[in-house]
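In what follows, a single structure is set out as structure tokens and then discussed.
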Amino acid sequence: MTEERHFDQELHGLEMKVLEMGDWAKQMINLSIKALVERDEALTRKVFDMENSVNHLHMTIDDTAIKLIARHQPMAVDLRFLAAAMKVNTDLERIADMTVNACQTGYYHLFKEPPVEQISMISHMAEVAQEMVHDSLEAFSKRSVTLAKRVMEKEEEEDRLKAQALADLLTLIKKDPPRSEVFVELILLSRNMERIGDHATNIAEDVVFMVLGQDIRHPGNTFTPL
Amino acid sequence: MVNTVQPSTGLPLKADVKDLDFFYGTHQVLKKVSLPVADKKVTALIGPSGCGKTTLLRCFNRMHDLYPGNRYGGEIRLQPDNVNILDPKVDPIEVRMRISMVFQKPNPFPKTIFENVAYGLRVRGGLKKSVVAQKVEEALRGAALWDEVKDRLHSLGANLSGGQQQRLCIARALVTDPEMVLFDEPTSALDPIATSKVEDLVEVLKEKVTILIVTHNMQQAARVSDFTGFMYIGDLVEFDVTDKIFTNPSNKLTEDYITGRFG
Amino acid sequence: MNDITLKKDIARRKRFDLIFKWVGVLATLVGIVTLMTLLVDLSVDGMGKISWSFFTSFPSRFPEKAGILSSWVGTTLVMLVTALVAVPLGVASGVYLEEYARKNWVTTLIEINIANLAGVPSIVYGLMALGLFVYKFHFGLSVLTAGLTLSLLILPVVIIATREAIRTIPMSLREAAYAAGATQWQMILHHILPYSLGGILTGVIIGLSRAIGESAPLITIGALTFIAFLPPAPVTGSFPFINFDWLSSPYSVLPIQLFNWVSRPKKEFHLIAAAAGLVLMGMTLLMNGLAIWIRYHYRRKIKW
């Protein structure tokens, strides 16, 4: 009764593209942190190059999804998958953007200053963010609400880390005003990492919509679909 | 029905189907089907061939009475008077005067356009000519056909195009001010533009009459209906608001059908 | 298959096409040529005898004075009775069998019987009519008896034509009528009868054009071969303006008159027999032409 249709193959192809983009994003997080910690200019340039591949996938995925909707008039789970794929696409592109921003912060500013130990806060946040991105993409690939929920739990930790980093860096600015520019750069980097985490959470919420048909993005809001 | 929850719409009903069985000889075609038909809304029935949706539709105007060997079980209660239209004591002609039907292949009579539309009034008798003419015009306007035929009311209906013929049949169904109109796959023999005209018409008609439509085209059900029932081998598998059925159905069988994995 | 074999194969098949086409043409020509020969033969002998006085004179011992007045009037009156009896009975039976009767072994039996009746030799009808109408009911050797006999003869044709015509009406039209709230009788009156009228009329005319040429059964029930008076007129100048005396009158018909003249030794009688034959053929062709025109007319109006 249930047989693989040509449409299923096309859906699967699109999913592979999204996961491929996810791999690029994860790699870019990885490399950008390495670059910042090791103050490696060549590595930051590599991250800048990788953005091209990500942007190409960004456009391909949206284009493919639109065409599948037009041609096949998908319903129910197929429709929700395509809507989710397009949203995840956006989040992944933003994540890649964040890594590029981080690398730019390093390349143009941090590397011109002497190294600063508080970079470790950033790399910690980056690790958490990276886990969140990894888990959210797993949730997407395995259609797992459990994994999606795990991502949302980690968001709390990421928020905590960000608040901590912000507090610490503000204190440092007051204590050591001449070096405040560096500390401000680090605050910006922490923002980048937090934003990456946010986007991972978005992906997780999209997964829940895709699997259950429930929109959990704004709890407490009184919106109810018909 | 497969689950034991009685489906409801939360709206006033035009008809209430309760535990409807239908037998063709010894073969059971419908199995304890219960579903609400909301007043002045469009309810669609979908499902693969042989699921019983057309059989269910034709119970509403006692079409099965025309052929030997058919038997009804259960009830269909028509509101507001709560009469069971399947009761053998209820005259099928009375039922057909309240509930009219549009068929799959346009079947205008080999008569003039005017005679076609006026037929429902003619069988009742007792109306003045001017009243009949006025009602015919109203019906043709209601079917979005008046402008196209007003100058040739006395030419043959068979000379119209397929889409026009079907709208003629719709006008014929409307002329008697029915409470409910049954549509049996009304556009399956029409081209896309004619189909779209009929679907637009259904949108407008539902303000005045309750509509029950059987269609094997799921996209059509998604486009025109407020409520959808999915049937499979004589059972009503799922019944819900159309939006829900097509974005997030509760039953796996429903989902497999509407995503095209079978049927 | 290469090009040359393909061409040869097509040529071979086309040859068969051509052969069969010519076989068809020849077969058709046989019928047409026969008819033409018949007409020409009759015309050569009889055309000269066709005149106004031929139509208005009674038969006589003298061929120059003999005419077909009594026989064509007789034919017309008998056909009138035949039609008036056969059509209502036949159509009503046909409608009953198609619309009301349930399909069980009884109706199948009736169907078989009707089909058989269509093949019964006409002289047998004559014998039956003699016993029933002439002796039992005492209708006598009259126009009424002749009309009744011939109506029984063509009744199966009318019934079958009615049924066939009704059968062509698709179920979807009936369902549409019922769905609009019609009763069974309304459906029959408003739809079944009007739509099958073409087929019914065609069947009636074909039956009548068979009946018009019948002589054997009529001889059996006493059609006269020599009659020098006309039946009383159906319309009179005084009250009650219509009388039915003509039904019980003796009569003659064209085929019998023809037969009578042909059996006489004098050659002149053969000539006027040919003339009578021409008139009979003319009436037959006219009726068949009418049937064709009716069929054409209704086919244009009744479309589904």
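Residue names in the structure tokens use chain letters A, B, ... in the order shown, residue numbers from 1 in each chain, and ligand numbers from 1 in the order shown.
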- Task: Using only C-alpha atoms, select each residue of chain B with any atom at most 8 Å away from an atom of chain A, and give the selection as a list in words.
- Result: Gln219, Val241, Asp243, Lys244, Ile245, Phe246, Thr247, Asn248, Pro249, Glu255, Asp256, Ile258, Thr259, Arg261 and Phe262 of chain B
Please report as a Markdown table every residue of chain C lying within 7 Å of chain B, along with the nearest atom pair and their distance in Å (one decimal), using only C-alpha atoms.
| residue | atom | partner | partner_atom | distance |
| --- | --- | --- | --- | --- |
| C:Ser172 | CA | B:Asn107 | CA | 6.5 |
| C:Leu173 | CA | B:Asn107 | CA | 6.2 |
| C:Ala179 | CA | B:Arg96 | CA | 5.8 |
| C:Ala180 | CA | B:Gly120 | CA | 5.0 |
| C:Gly181 | CA | B:Ile93 | CA | 5.3 |
| C:Ala182 | CA | B:Val123 | CA | 5.7 |
| C:Ile302 | CA | B:Pro110 | CA | 5.2 |
| C:Lys303 | CA | B:Pro110 | CA | 5.6 |
| C:Trp304 | CA | B:Pro110 | CA | 6.3 |
Could you write out that same residue set with N, CA and C atoms as a PDB file, in the first residue's frame?
ATOM      1  N   SER C 172     -29.213   7.977 -16.615  1.00  0.00           N
ATOM      2  CA  SER C 172     -28.900   9.267 -15.997  1.00  0.00           C
ATOM      3  C   SER C 172     -30.039  10.261 -16.178  1.00  0.00           C
ATOM      4  N   LEU C 173     -30.746  10.170 -17.305  1.00  0.00           N
ATOM      5  CA  LEU C 173     -31.878  11.081 -17.511  1.00  0.00           C
ATOM      6  C   LEU C 173     -33.026  10.738 -16.581  1.00  0.00           C
ATOM      7  N   ALA C 179     -34.765  12.816  -9.424  1.00  0.00           N
ATOM      8  CA  ALA C 179     -34.122  13.695  -8.442  1.00  0.00           C
ATOM      9  C   ALA C 179     -34.817  15.043  -8.382  1.00  0.00           C
ATOM     10  N   ALA C 180     -35.470  15.433  -9.486  1.00  0.00           N
ATOM     11  CA  ALA C 180     -36.185  16.705  -9.477  1.00  0.00           C
ATOM     12  C   ALA C 180     -37.560  16.564  -8.829  1.00  0.00           C
ATOM     13  N   GLY C 181     -37.906  15.354  -8.411  1.00  0.00           N
ATOM     14  CA  GLY C 181     -39.154  15.166  -7.676  1.00  0.00           C
ATOM     15  C   GLY C 181     -40.291  14.577  -8.493  1.00  0.00           C
ATOM     16  N   ALA C 182     -39.991  13.998  -9.660  1.00  0.00           N
ATOM     17  CA  ALA C 182     -41.064  13.452 -10.487  1.00  0.00           C
ATOM     18  C   ALA C 182     -41.530  12.095  -9.966  1.00  0.00           C
ATOM     19  N   ILE C 302     -33.542  15.517 -30.193  1.00  0.00           N
ATOM     20  CA  ILE C 302     -33.355  14.788 -28.948  1.00  0.00           C
ATOM     21  C   ILE C 302     -31.904  14.338 -28.860  1.00  0.00           C
ATOM     22  N   LYS C 303     -31.143  15.043 -28.078  1.00  0.00           N
ATOM     23  CA  LYS C 303     -29.729  14.692 -27.942  1.00  0.00           C
ATOM     24  C   LYS C 303     -29.399  14.494 -26.477  1.00  0.00           C
ATOM     25  N   TRP C 304     -28.583  13.461 -26.215  1.00  0.00           N
ATOM     26  CA  TRP C 304     -28.083  13.353 -24.837  1.00  0.00           C
ATOM     27  C   TRP C 304     -26.695  12.765 -24.811  1.00  0.00           C
TER      28      TRP C 304
END
- Message: Need to verify the contact set: B:Thr228, 8 Å, only C-alpha atoms, exclusion of same-chain residues closer than 6 positions in sequence. Can you return it as a ChimeraX atom specification?
- Response: /B:43-46,221,239-242,245
- Please identify all polymer residues within 6 Å of stretch 119-135 of chain A, counting only C-alpha atoms, omitting same-chain residues fewer than 5 positions from it, and present them as number ranges by chain. A: 151, 190, 193, 197, 200
- Task: Can you pull out every residue within 12 Å of A:Thr44, counting only C-alpha atoms, but drop anything in the same chain fewer than 4 positions away, and send it as a PyMOL selection string?
- Result: chain A and resi 28-40+48-51+99-108+111
- Query: Between atom CA of B:Leu182 and atom CA of B:Leu212, what is the spacing in Å?
  - Reply: 5.0 Å
- Can you pull out every residue within 12 Å of A:Asp91, counting only C-alpha atoms, but drop anything in the same chain fewer than 3 positions away, and send it as a ChimeraX atom specification? /A:18,21-22,25,54,58,84-88,94-98,133,136-137,195-206
Hey, can you spit out that residue selection with N, CA and C atoms as a PDB file, in the first residue's frame?
ATOM      1  N   VAL A  18      19.456  19.966   2.942  1.00  0.00           N
ATOM      2  CA  VAL A  18      19.378  20.702   4.206  1.00  0.00           C
ATOM      3  C   VAL A  18      20.437  20.191   5.177  1.00  0.00           C
ATOM      4  N   MET A  21      23.790  21.385   4.209  1.00  0.00           N
ATOM      5  CA  MET A  21      24.000  22.769   4.648  1.00  0.00           C
ATOM      6  C   MET A  21      24.299  22.806   6.136  1.00  0.00           C
ATOM      7  N   GLY A  22      23.602  21.923   6.885  1.00  0.00           N
ATOM      8  CA  GLY A  22      23.867  21.826   8.312  1.00  0.00           C
ATOM      9  C   GLY A  22      25.313  21.438   8.586  1.00  0.00           C
ATOM     10  N   ALA A  25      27.456  24.386   8.160  1.00  0.00           N
ATOM     11  CA  ALA A  25      27.299  25.316   9.278  1.00  0.00           C
ATOM     12  C   ALA A  25      28.092  24.825  10.485  1.00  0.00           C
ATOM     13  N   VAL A  54      27.547  27.822   1.321  1.00  0.00           N
ATOM     14  CA  VAL A  54      26.310  27.868   2.117  1.00  0.00           C
ATOM     15  C   VAL A  54      25.261  28.725   1.418  1.00  0.00           C
ATOM     16  N   HIS A  58      21.579  27.775   0.199  1.00  0.00           N
ATOM     17  CA  HIS A  58      20.445  28.558   0.697  1.00  0.00           C
ATOM     18  C   HIS A  58      19.433  28.805  -0.414  1.00  0.00           C
ATOM     19  N   ALA A  84       8.932  23.385   6.980  1.00  0.00           N
ATOM     20  CA  ALA A  84      10.033  23.323   7.953  1.00  0.00           C
ATOM     21  C   ALA A  84      11.376  23.432   7.254  1.00  0.00           C
ATOM     22  N   ALA A  85      11.528  22.747   6.123  1.00  0.00           N
ATOM     23  CA  ALA A  85      12.811  22.779   5.412  1.00  0.00           C
ATOM     24  C   ALA A  85      13.179  24.207   5.041  1.00  0.00           C
ATOM     25  N   MET A  86      12.159  24.959   4.587  1.00  0.00           N
ATOM     26  CA  MET A  86      12.453  26.337   4.204  1.00  0.00           C
ATOM     27  C   MET A  86      12.852  27.188   5.416  1.00  0.00           C
ATOM     28  N   LYS A  87      12.210  26.912   6.531  1.00  0.00           N
ATOM     29  CA  LYS A  87      12.567  27.692   7.725  1.00  0.00           C
ATOM     30  C   LYS A  87      13.942  27.316   8.259  1.00  0.00           C
ATOM     31  N   VAL A  88      14.216  26.024   8.301  1.00  0.00           N
ATOM     32  CA  VAL A  88      15.526  25.556   8.768  1.00  0.00           C
ATOM     33  C   VAL A  88      16.616  26.133   7.878  1.00  0.00           C
ATOM     34  N   ARG A  94      21.623  31.930   8.629  1.00  0.00           N
ATOM     35  CA  ARG A  94      21.949  32.907   9.651  1.00  0.00           C
ATOM     36  C   ARG A  94      23.086  32.418  10.534  1.00  0.00           C
ATOM     37  N   ILE A  95      23.048  31.131  10.863  1.00  0.00           N
ATOM     38  CA  ILE A  95      24.133  30.557  11.676  1.00  0.00           C
ATOM     39  C   ILE A  95      25.464  30.741  10.962  1.00  0.00           C
ATOM     40  N   ALA A  96      25.473  30.424   9.659  1.00  0.00           N
ATOM     41  CA  ALA A  96      26.728  30.595   8.907  1.00  0.00           C
ATOM     42  C   ALA A  96      27.164  32.053   8.934  1.00  0.00           C
ATOM     43  N   ASP A  97      26.190  32.945   8.780  1.00  0.00           N
ATOM     44  CA  ASP A  97      26.474  34.384   8.862  1.00  0.00           C
ATOM     45  C   ASP A  97      27.145  34.761  10.175  1.00  0.00           C
ATOM     46  N   MET A  98      26.612  34.202  11.257  1.00  0.00           N
ATOM     47  CA  MET A  98      27.167  34.496  12.574  1.00  0.00           C
ATOM     48  C   MET A  98      28.614  34.069  12.667  1.00  0.00           C
ATOM     49  N   VAL A 133      23.277  22.987  17.683  1.00  0.00           N
ATOM     50  CA  VAL A 133      23.059  22.879  16.241  1.00  0.00           C
ATOM     51  C   VAL A 133      23.084  21.413  15.823  1.00  0.00           C
ATOM     52  N   SER A 136      19.886  19.724  16.978  1.00  0.00           N
ATOM     53  CA  SER A 136      18.676  20.138  16.251  1.00  0.00           C
ATOM     54  C   SER A 136      18.639  19.500  14.867  1.00  0.00           C
ATOM     55  N   LEU A 137      19.803  19.375  14.242  1.00  0.00           N
ATOM     56  CA  LEU A 137      19.826  18.755  12.921  1.00  0.00           C
ATOM     57  C   LEU A 137      19.560  17.253  13.012  1.00  0.00           C
ATOM     58  N   ARG A 195      23.273  33.938  19.505  1.00  0.00           N
ATOM     59  CA  ARG A 195      22.358  33.949  18.360  1.00  0.00           C
ATOM     60  C   ARG A 195      22.376  32.602  17.639  1.00  0.00           C
ATOM     61  N   ILE A 196      23.580  31.993  17.565  1.00  0.00           N
ATOM     62  CA  ILE A 196      23.652  30.667  16.946  1.00  0.00           C
ATOM     63  C   ILE A 196      22.773  29.701  17.729  1.00  0.00           C
ATOM     64  N   GLY A 197      22.848  29.776  19.028  1.00  0.00           N
ATOM     65  CA  GLY A 197      22.019  28.920  19.869  1.00  0.00           C
ATOM     66  C   GLY A 197      20.543  29.162  19.621  1.00  0.00           C
ATOM     67  N   ASP A 198      20.180  30.443  19.501  1.00  0.00           N
ATOM     68  CA  ASP A 198      18.791  30.802  19.227  1.00  0.00           C
ATOM     69  C   ASP A 198      18.297  30.148  17.944  1.00  0.00           C
ATOM     70  N   HIS A 199      19.135  30.232  16.934  1.00  0.00           N
ATOM     71  CA  HIS A 199      18.726  29.653  15.646  1.00  0.00           C
ATOM     72  C   HIS A 199      18.585  28.139  15.751  1.00  0.00           C
ATOM     73  N   ALA A 200      19.439  27.535  16.552  1.00  0.00           N
ATOM     74  CA  ALA A 200      19.303  26.086  16.753  1.00  0.00           C
ATOM     75  C   ALA A 200      17.972  25.775  17.426  1.00  0.00           C
ATOM     76  N   THR A 201      17.587  26.633  18.382  1.00  0.00           N
ATOM     77  CA  THR A 201      16.287  26.445  19.033  1.00  0.00           C
ATOM     78  C   THR A 201      15.153  26.579  18.022  1.00  0.00           C
ATOM     79  N   ASN A 202      15.285  27.585  17.140  1.00  0.00           N
ATOM     80  CA  ASN A 202      14.270  27.730  16.081  1.00  0.00           C
ATOM     81  C   ASN A 202      14.126  26.448  15.289  1.00  0.00           C
ATOM     82  N   ILE A 203      15.267  25.870  14.936  1.00  0.00           N
ATOM     83  CA  ILE A 203      15.237  24.633  14.148  1.00  0.00           C
ATOM     84  C   ILE A 203      14.488  23.554  14.930  1.00  0.00           C
ATOM     85  N   ALA A 204      14.783  23.494  16.239  1.00  0.00           N
ATOM     86  CA  ALA A 204      14.102  22.482  17.054  1.00  0.00           C
ATOM     87  C   ALA A 204      12.593  22.700  17.064  1.00  0.00           C
ATOM     88  N   GLU A 205      12.161  23.966  17.172  1.00  0.00           N
ATOM     89  CA  GLU A 205      10.728  24.263  17.170  1.00  0.00           C
ATOM     90  C   GLU A 205      10.103  23.879  15.826  1.00  0.00           C
ATOM     91  N   ASP A 206      10.845  24.105  14.748  1.00  0.00           N
ATOM     92  CA  ASP A 206      10.341  23.714  13.430  1.00  0.00           C
ATOM     93  C   ASP A 206      10.183  22.203  13.348  1.00  0.00           C
TER      94      ASP A 206
END
- Task: Find the residues around stretch 30-39 of chain B up to 9 Å (only C-alpha atoms counted), leave out those fewer than 4 positions away in its own chain, and share them as a PyMOL selection string.
- Result: chain B and resi 1+6-23+43+51-53+55-56+73-74+76+79+180+206+209-212+227+229+233-236+239
Saved selection, atoms kept: C-alpha atoms, as a PDB file, in the first residue's frame:
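Saved file part_24.pdb follows:
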ATOM      1  CA  MET B   1     -16.990   4.578  12.316  1.00  0.00           C
ATOM      2  CA  GLN B   6     -19.021  10.764  17.542  1.00  0.00           C
ATOM      3  CA  PRO B   7     -17.735  13.491  15.250  1.00  0.00           C
ATOM      4  CA  SER B   8     -19.271  16.896  15.712  1.00  0.00           C
ATOM      5  CA  THR B   9     -18.928  20.277  14.151  1.00  0.00           C
ATOM      6  CA  GLY B  10     -20.142  22.457  17.006  1.00  0.00           C
ATOM      7  CA  LEU B  11     -22.468  24.144  14.544  1.00  0.00           C
ATOM      8  CA  PRO B  12     -26.194  23.838  13.865  1.00  0.00           C
ATOM      9  CA  LEU B  13     -26.856  20.798  11.688  1.00  0.00           C
ATOM     10  CA  LYS B  14     -28.878  20.395   8.553  1.00  0.00           C
ATOM     11  CA  ALA B  15     -28.694  16.616   8.663  1.00  0.00           C
ATOM     12  CA  ASP B  16     -27.449  14.054  11.109  1.00  0.00           C
ATOM     13  CA  VAL B  17     -26.382  10.625   9.903  1.00  0.00           C
ATOM     14  CA  LYS B  18     -26.688   8.047  12.664  1.00  0.00           C
ATOM     15  CA  ASP B  19     -25.298   4.527  12.395  1.00  0.00           C
ATOM     16  CA  LEU B  20     -26.116   4.301   8.723  1.00  0.00           C
ATOM     17  CA  ASP B  21     -25.832   0.861   7.179  1.00  0.00           C
ATOM     18  CA  PHE B  22     -26.427   0.121   3.538  1.00  0.00           C
ATOM     19  CA  PHE B  23     -26.827  -3.251   1.933  1.00  0.00           C
ATOM     20  CA  THR B  43     -19.150  19.049   3.668  1.00  0.00           C
ATOM     21  CA  CYS B  51     -15.211   3.316  -0.224  1.00  0.00           C
ATOM     22  CA  GLY B  52     -18.957   4.045  -0.251  1.00  0.00           C
ATOM     23  CA  LYS B  53     -18.950   7.831  -0.499  1.00  0.00           C
ATOM     24  CA  THR B  55     -23.490   5.311  -1.920  1.00  0.00           C
ATOM     25  CA  LEU B  56     -23.732   7.497   1.174  1.00  0.00           C
ATOM     26  CA  GLY B  73     -30.227   0.614   8.174  1.00  0.00           C
ATOM     27  CA  GLY B  74     -29.880   3.418  10.707  1.00  0.00           C
ATOM     28  CA  ILE B  76     -30.529  10.225   8.498  1.00  0.00           C
ATOM     29  CA  GLN B  79     -33.439  19.259  10.485  1.00  0.00           C
ATOM     30  CA  MET B 180     -29.701  20.855   0.631  1.00  0.00           C
ATOM     31  CA  LYS B 206     -23.351  27.667   0.533  1.00  0.00           C
ATOM     32  CA  VAL B 209     -28.113  25.973   0.938  1.00  0.00           C
ATOM     33  CA  THR B 210     -26.283  23.202   2.710  1.00  0.00           C
ATOM     34  CA  ILE B 211     -23.956  21.349   0.390  1.00  0.00           C
ATOM     35  CA  LEU B 212     -22.717  17.780   0.500  1.00  0.00           C
ATOM     36  CA  PHE B 227     -15.636  19.908   6.677  1.00  0.00           C
ATOM     37  CA  GLY B 229     -14.994  13.080   5.873  1.00  0.00           C
ATOM     38  CA  ILE B 233     -14.289   0.428   2.552  1.00  0.00           C
ATOM     39  CA  GLY B 234     -17.627   1.489   3.986  1.00  0.00           C
ATOM     40  CA  ASP B 235     -16.271   3.072   7.165  1.00  0.00           C
ATOM     41  CA  LEU B 236     -16.004   6.730   8.007  1.00  0.00           C
ATOM     42  CA  PHE B 239     -14.169  13.507  10.005  1.00  0.00           C
TER      43      PHE B 239
END
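Here atom CA of C:Gly199 is placed at a distance of 18.9 Å from atom CA of C:Leu153.
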- At what distance in Å, to one decimal, does atom CA of C:Thr145 lie from atom CA of C:Ser248? 8.3 Å
- Using backbone DSSP assignments, extract all alpha helix (DSSP H) residues from stretch 45-257 of chain B; output them as a PyMOL selection string. chain B and resi 53-59+92-98+113-124+129-142+146-149+162-174+192-205+218-224+242-247+252-257
Take the residues just selected and output them with C-alpha atoms as a compact mmCIF listing (two decimals), in the first residue's frame.
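Here's the written file out10.txt:
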# COMPACT_ATOMS: atom_id res chain seq x y z
CA LYS B 53 -18.95 7.83 -0.50
CA THR B 54 -21.27 7.95 -3.49
CA THR B 55 -23.49 5.31 -1.92
CA LEU B 56 -23.73 7.50 1.17
CA LEU B 57 -24.56 10.56 -0.89
CA ARG B 58 -27.33 8.81 -2.75
CA CYS B 59 -28.98 7.79 0.51
CA PRO B 92 -39.01 9.57 -1.34
CA ILE B 93 -40.61 12.24 -3.50
CA GLU B 94 -41.01 14.45 -0.43
CA VAL B 95 -37.34 13.96 0.36
CA ARG B 96 -36.31 14.82 -3.20
CA MET B 97 -38.28 18.01 -3.01
CA ARG B 98 -36.17 19.16 -0.11
CA ILE B 113 -32.87 25.55 -21.43
CA PHE B 114 -36.01 27.05 -19.94
CA GLU B 115 -37.81 23.71 -19.75
CA ASN B 116 -34.79 22.13 -18.14
CA VAL B 117 -34.62 24.58 -15.30
CA ALA B 118 -38.38 24.81 -14.88
CA TYR B 119 -38.83 21.05 -14.63
CA GLY B 120 -38.66 20.87 -10.86
CA LEU B 121 -41.49 23.40 -10.71
CA ARG B 122 -43.46 21.69 -13.44
CA VAL B 123 -43.72 18.40 -11.57
CA ARG B 124 -45.11 20.20 -8.59
CA LYS B 129 -46.33 31.23 -15.71
CA SER B 130 -44.90 34.53 -14.57
CA VAL B 131 -43.81 33.04 -11.27
CA VAL B 132 -42.13 30.15 -13.05
CA ALA B 133 -40.30 32.49 -15.39
CA GLN B 134 -39.08 34.54 -12.47
CA LYS B 135 -37.89 31.50 -10.56
CA VAL B 136 -36.11 30.19 -13.63
CA GLU B 137 -34.25 33.45 -13.97
CA GLU B 138 -33.32 33.41 -10.27
CA ALA B 139 -32.04 29.89 -10.55
CA LEU B 140 -30.00 30.66 -13.66
CA ARG B 141 -28.51 33.68 -11.94
CA GLY B 142 -27.77 31.56 -8.92
CA TRP B 146 -28.06 33.76 -16.75
CA ASP B 147 -25.92 36.18 -18.73
CA GLU B 148 -24.77 33.46 -21.07
CA VAL B 149 -28.20 32.09 -21.91
CA GLY B 162 -20.00 20.83 -20.97
CA GLY B 163 -19.35 23.40 -18.27
CA GLN B 164 -22.49 25.34 -19.17
CA GLN B 165 -24.53 22.14 -19.15
CA GLN B 166 -23.38 21.37 -15.66
CA ARG B 167 -24.31 24.85 -14.49
CA LEU B 168 -27.67 24.30 -16.17
CA CYS B 169 -28.06 21.18 -14.07
CA ILE B 170 -27.14 23.21 -11.01
CA ALA B 171 -29.81 25.77 -11.91
CA ARG B 172 -32.26 22.91 -12.31
CA ALA B 173 -31.34 21.74 -8.82
CA LEU B 174 -31.75 25.23 -7.36
CA PRO B 192 -10.17 23.07 -15.55
CA ILE B 193 -11.82 26.41 -16.30
CA ALA B 194 -15.33 24.98 -16.11
CA THR B 195 -14.28 23.19 -12.91
CA SER B 196 -13.09 26.40 -11.38
CA LYS B 197 -16.36 28.15 -12.24
CA VAL B 198 -18.37 25.42 -10.56
CA GLU B 199 -16.14 25.54 -7.48
CA ASP B 200 -16.56 29.31 -7.22
CA LEU B 201 -20.29 28.74 -7.49
CA VAL B 202 -20.24 26.30 -4.58
CA GLU B 203 -18.54 28.96 -2.46
CA VAL B 204 -21.39 31.35 -3.15
CA LEU B 205 -24.22 28.80 -2.96
CA MET B 218 -8.60 15.82 -2.94
CA GLN B 219 -7.41 19.22 -3.91
CA GLN B 220 -10.97 20.11 -4.79
CA ALA B 221 -12.18 18.96 -1.39
CA ALA B 222 -9.42 21.06 0.15
CA ARG B 223 -10.42 24.08 -1.90
CA VAL B 224 -14.15 24.17 -1.46
CA THR B 242 -11.02 20.58 6.31
CA ASP B 243 -7.95 22.57 7.32
CA LYS B 244 -7.11 20.04 9.96
CA ILE B 245 -7.63 17.02 7.73
CA PHE B 246 -5.26 18.38 5.13
CA THR B 247 -2.55 19.81 7.37
CA LYS B 252 -2.52 7.42 9.67
CA LEU B 253 -4.81 5.96 6.99
CA THR B 254 -6.17 9.42 6.26
CA GLU B 255 -2.68 10.81 6.02
CA ASP B 256 -1.53 8.07 3.67
CA TYR B 257 -4.52 8.71 1.44
